[in-house]
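Structure below is upload-v7.pdb: PDB, C-alpha atoms and all ligand atoms.
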MODEL        1
ATOM      1  CA  MET A   1      98.760  85.337  92.112  1.00  0.00           C
ATOM      2  CA  LYS A   2     101.869  87.299  91.241  1.00  0.00           C
ATOM      3  CA  ASP A   3     102.237  88.720  87.739  1.00  0.00           C
ATOM      4  CA  ARG A   4     105.772  87.431  87.253  1.00  0.00           C
ATOM      5  CA  CYS A   5     108.229  85.005  88.852  1.00  0.00           C
ATOM      6  CA  SER A   6     110.592  86.834  91.188  1.00  0.00           C
ATOM      7  CA  VAL A   7     113.504  84.566  90.161  1.00  0.00           C
ATOM      8  CA  CYS A   8     113.292  84.167  86.368  1.00  0.00           C
ATOM      9  CA  ASP A   9     110.721  86.896  85.516  1.00  0.00           C
ATOM     10  CA  LEU A  10     108.409  84.376  83.803  1.00  0.00           C
ATOM     11  CA  LYS A  11     105.017  85.930  83.127  1.00  0.00           C
ATOM     12  CA  PHE A  12     102.390  83.869  85.031  1.00  0.00           C
ATOM     13  CA  ASP A  13      99.286  85.464  83.535  1.00  0.00           C
ATOM     14  CA  ARG A  14      99.696  83.884  80.086  1.00  0.00           C
ATOM     15  CA  ALA A  15      96.238  84.537  78.583  1.00  0.00           C
ATOM     16  CA  PRO A  16      92.566  84.727  79.599  1.00  0.00           C
ATOM     17  CA  GLY A  17      91.377  81.223  80.504  1.00  0.00           C
ATOM     18  CA  TYR A  18      94.892  79.830  80.410  1.00  0.00           C
ATOM     19  CA  TYR A  19      94.555  78.053  83.749  1.00  0.00           C
ATOM     20  CA  LEU A  20      91.271  76.341  82.876  1.00  0.00           C
ATOM     21  CA  GLY A  21      93.254  73.168  82.197  1.00  0.00           C
ATOM     22  CA  SER A  22      94.544  73.171  85.757  1.00  0.00           C
ATOM     23  CA  ILE A  23      90.995  72.389  86.873  1.00  0.00           C
ATOM     24  CA  TYR A  24      91.264  69.084  85.005  1.00  0.00           C
ATOM     25  CA  VAL A  25      94.560  68.354  86.738  1.00  0.00           C
ATOM     26  CA  ASN A  26      93.008  69.140  90.110  1.00  0.00           C
ATOM     27  CA  TYR A  27      89.840  67.160  89.439  1.00  0.00           C
ATOM     28  CA  GLY A  28      91.683  64.178  87.984  1.00  0.00           C
ATOM     29  CA  LEU A  29      94.055  63.850  90.909  1.00  0.00           C
ATOM     30  CA  THR A  30      91.224  64.321  93.419  1.00  0.00           C
ATOM     31  CA  ALA A  31      89.137  61.604  91.729  1.00  0.00           C
ATOM     32  CA  LEU A  32      92.121  59.243  91.586  1.00  0.00           C
ATOM     33  CA  LEU A  33      93.037  59.744  95.232  1.00  0.00           C
ATOM     34  CA  VAL A  34      89.496  59.531  96.588  1.00  0.00           C
ATOM     35  CA  THR A  35      88.940  56.319  94.623  1.00  0.00           C
ATOM     36  CA  ALA A  36      92.112  54.821  96.115  1.00  0.00           C
ATOM     37  CA  CYS A  37      91.107  56.070  99.579  1.00  0.00           C
ATOM     38  CA  PHE A  38      87.607  54.621  99.248  1.00  0.00           C
ATOM     39  CA  LEU A  39      88.894  51.244  98.062  1.00  0.00           C
ATOM     40  CA  ALA A  40      91.400  51.113 100.929  1.00  0.00           C
ATOM     41  CA  LEU A  41      88.673  51.944 103.462  1.00  0.00           C
ATOM     42  CA  PHE A  42      86.260  49.492 101.831  1.00  0.00           C
ATOM     43  CA  VAL A  43      88.736  46.592 101.783  1.00  0.00           C
ATOM     44  CA  THR A  44      90.010  47.104 105.326  1.00  0.00           C
ATOM     45  CA  ASP A  45      86.414  47.450 106.628  1.00  0.00           C
ATOM     46  CA  THR A  46      87.477  49.184 109.842  1.00  0.00           C
ATOM     47  CA  LEU A  47      85.006  52.081 109.641  1.00  0.00           C
ATOM     48  CA  SER A  48      81.261  52.244 109.212  1.00  0.00           C
ATOM     49  CA  PRO A  49      79.992  53.152 105.719  1.00  0.00           C
ATOM     50  CA  GLU A  50      78.820  56.509 107.091  1.00  0.00           C
ATOM     51  CA  ALA A  51      82.309  57.293 108.415  1.00  0.00           C
ATOM     52  CA  GLN A  52      83.864  56.203 105.102  1.00  0.00           C
ATOM     53  CA  LEU A  53      81.493  58.498 103.229  1.00  0.00           C
ATOM     54  CA  ALA A  54      82.238  61.393 105.578  1.00  0.00           C
ATOM     55  CA  ILE A  55      86.011  60.955 105.144  1.00  0.00           C
ATOM     56  CA  CYS A  56      85.778  60.710 101.350  1.00  0.00           C
ATOM     57  CA  THR A  57      83.416  63.687 101.135  1.00  0.00           C
ATOM     58  CA  ALA A  58      85.661  65.820 103.332  1.00  0.00           C
ATOM     59  CA  PHE A  59      88.630  64.825 101.186  1.00  0.00           C
ATOM     60  CA  CYS A  60      86.779  65.754  97.971  1.00  0.00           C
ATOM     61  CA  VAL A  61      86.052  69.220  99.370  1.00  0.00           C
ATOM     62  CA  LEU A  62      89.327  70.028 101.130  1.00  0.00           C
ATOM     63  CA  PHE A  63      91.949  68.471  98.858  1.00  0.00           C
ATOM     64  CA  PRO A  64      91.103  70.529  95.711  1.00  0.00           C
ATOM     65  CA  LEU A  65      91.148  73.735  97.772  1.00  0.00           C
ATOM     66  CA  TRP A  66      94.610  72.930  99.106  1.00  0.00           C
ATOM     67  CA  PHE A  67      95.896  71.614  95.756  1.00  0.00           C
ATOM     68  CA  PHE A  68      94.590  74.571  93.700  1.00  0.00           C
ATOM     69  CA  ARG A  69      97.904  76.460  93.457  1.00  0.00           C
ATOM     70  CA  TYR A  70      99.931  73.298  92.839  1.00  0.00           C
ATOM     71  CA  ALA A  71      97.580  72.279  90.025  1.00  0.00           C
ATOM     72  CA  ARG A  72      98.165  75.662  88.401  1.00  0.00           C
ATOM     73  CA  ALA A  73     101.913  75.299  88.778  1.00  0.00           C
ATOM     74  CA  LEU A  74     101.783  71.800  87.266  1.00  0.00           C
ATOM     75  CA  TRP A  75      99.656  73.061  84.381  1.00  0.00           C
ATOM     76  CA  LEU A  76     102.058  75.901  83.670  1.00  0.00           C
ATOM     77  CA  GLY A  77     105.050  73.573  83.930  1.00  0.00           C
ATOM     78  CA  PHE A  78     103.566  70.903  81.649  1.00  0.00           C
ATOM     79  CA  ASP A  79     102.422  73.466  79.101  1.00  0.00           C
ATOM     80  CA  LEU A  80     105.729  75.291  78.914  1.00  0.00           C
ATOM     81  CA  TYR A  81     107.668  72.023  78.860  1.00  0.00           C
ATOM     82  CA  TRP A  82     105.741  70.705  75.854  1.00  0.00           C
ATOM     83  CA  ASP A  83     105.353  74.003  73.982  1.00  0.00           C
ATOM     84  CA  ARG A  84     108.369  76.248  74.443  1.00  0.00           C
ATOM     85  CA  ARG A  85     107.292  78.506  71.552  1.00  0.00           C
ATOM     86  CA  GLN A  86     105.089  80.425  74.031  1.00  0.00           C
ATOM     87  CA  LEU A  87     108.095  81.752  75.885  1.00  0.00           C
ATOM     88  CA  THR A  88     109.530  85.102  74.942  1.00  0.00           C
ATOM     89  CA  ASP A  89     113.180  85.101  73.911  1.00  0.00           C
ATOM     90  CA  GLU A  90     114.150  86.471  77.326  1.00  0.00           C
ATOM     91  CA  GLU A  91     112.133  83.821  79.194  1.00  0.00           C
ATOM     92  CA  ARG A  92     113.658  81.077  77.023  1.00  0.00           C
ATOM     93  CA  ARG A  93     117.169  82.368  77.780  1.00  0.00           C
ATOM     94  CA  GLN A  94     116.402  82.470  81.511  1.00  0.00           C
ATOM     95  CA  SER A  95     115.027  78.908  81.554  1.00  0.00           C
ATOM     96  CA  GLU A  96     118.072  77.562  79.681  1.00  0.00           C
ATOM     97  CA  GLN A  97     120.403  79.105  82.259  1.00  0.00           C
ATOM     98  CA  ALA A  98     118.524  77.528  85.180  1.00  0.00           C
TER      99      ALA A  98
HETATM  100 ZN    ZN A 101     110.800  81.396  87.849  1.00  0.00          ZN
ENDMDL
END
Take the structure from the file and write it as structure tokens.
Amino acid sequence: MKDRCSVCDLKFDRAPGYYLGSIYVNYGLTALLVTACFLALFVTDTLSPEAQLAICTAFCVLFPLWFFRYARALWLGFDLYWDRRQLTDEERRQSEQA
């Protein structure tokens, strides 16, 4: 992960443990999507239960790995959107120009 944004110079490494909340974002979306996927597979009844389980298990392992960086970006975006006091004066000026 880069230290700062190359466009607006926003500092990404906010504080130790800052991105812990992104795990909840990642987990929540994974649980929501796998539930929807399971229900769709269950209702359509086109695959065996073993195949359904294999697909859902693979999704639960692979999706969070792929979504990891996007969950962090969402966490940072949500946090800075709701609490702009964390931004330095320079970062606040940069975000208002964009
Ligand atoms: Zn930026």
For ligand ZN 101 (chain A), collect every residue having any atom at a distance of at most 12 Å from a ligand atom (counting only C-alpha atoms and all ligand atoms); output as a list of chain:residue names.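 If we count only C-alpha atoms and all ligand atoms, the neighbours of ligand ZN 101 (chain A) turn out to be A:Lys2, A:Asp3, A:Arg4, A:Cys5, A:Ser6, A:Val7, A:Cys8, A:Asp9, A:Leu10, A:Lys11, A:Phe12, A:Ala73, A:Leu76, A:Gly77, A:Leu80, A:Glu91, A:Arg92, A:Arg93, A:Gln94, A:Ser95, A:Glu96, A:Gln97, A:Ala98.
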Residues within 7 Å of segment 61-69 of chain A, only C-alpha atoms, excluding chain neighbours under 4 positions, as a ChimeraX atom specification: /A:26,30,57,73
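Shortest atom-to-atom contact with Asp79 of chain A among A:Arg14, A:Ala31, A:Leu53, A:Cys60: A:Arg14, counting all atoms listed in the file.
The shortest atom-to-atom distance to Ala54 of chain A, with all atoms listed in the file taken into account, belongs to A:Cys37 out of A:Val25, A:Tyr70, A:Tyr18, A:Cys37.
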If I take atom CA of Leu32 of chain A and atom CA of Ile55 of chain A, how far is one from the other in Å, to one decimal?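 Computing it gives 15.0 Å between the two atoms.
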Expected selection from the PyMOL selection byres (((chain A and resi 22) around 6) and not hetatm), given as a PyMOL selection string: chain A and resi 19-21+23-25+71-72+75
As an exercise, work out the distance from atom CA of Phe38 of chain A to atom CA of Cys56 of chain A in Å and give it to one decimal place.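 We find that atom CA of Phe38 of chain A and atom CA of Cys56 of chain A lie 6.7 Å from each other.
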Atom CA of Gln86 of chain A sits from atom CA of Pro16 of chain A at a separation of 14.4 Å
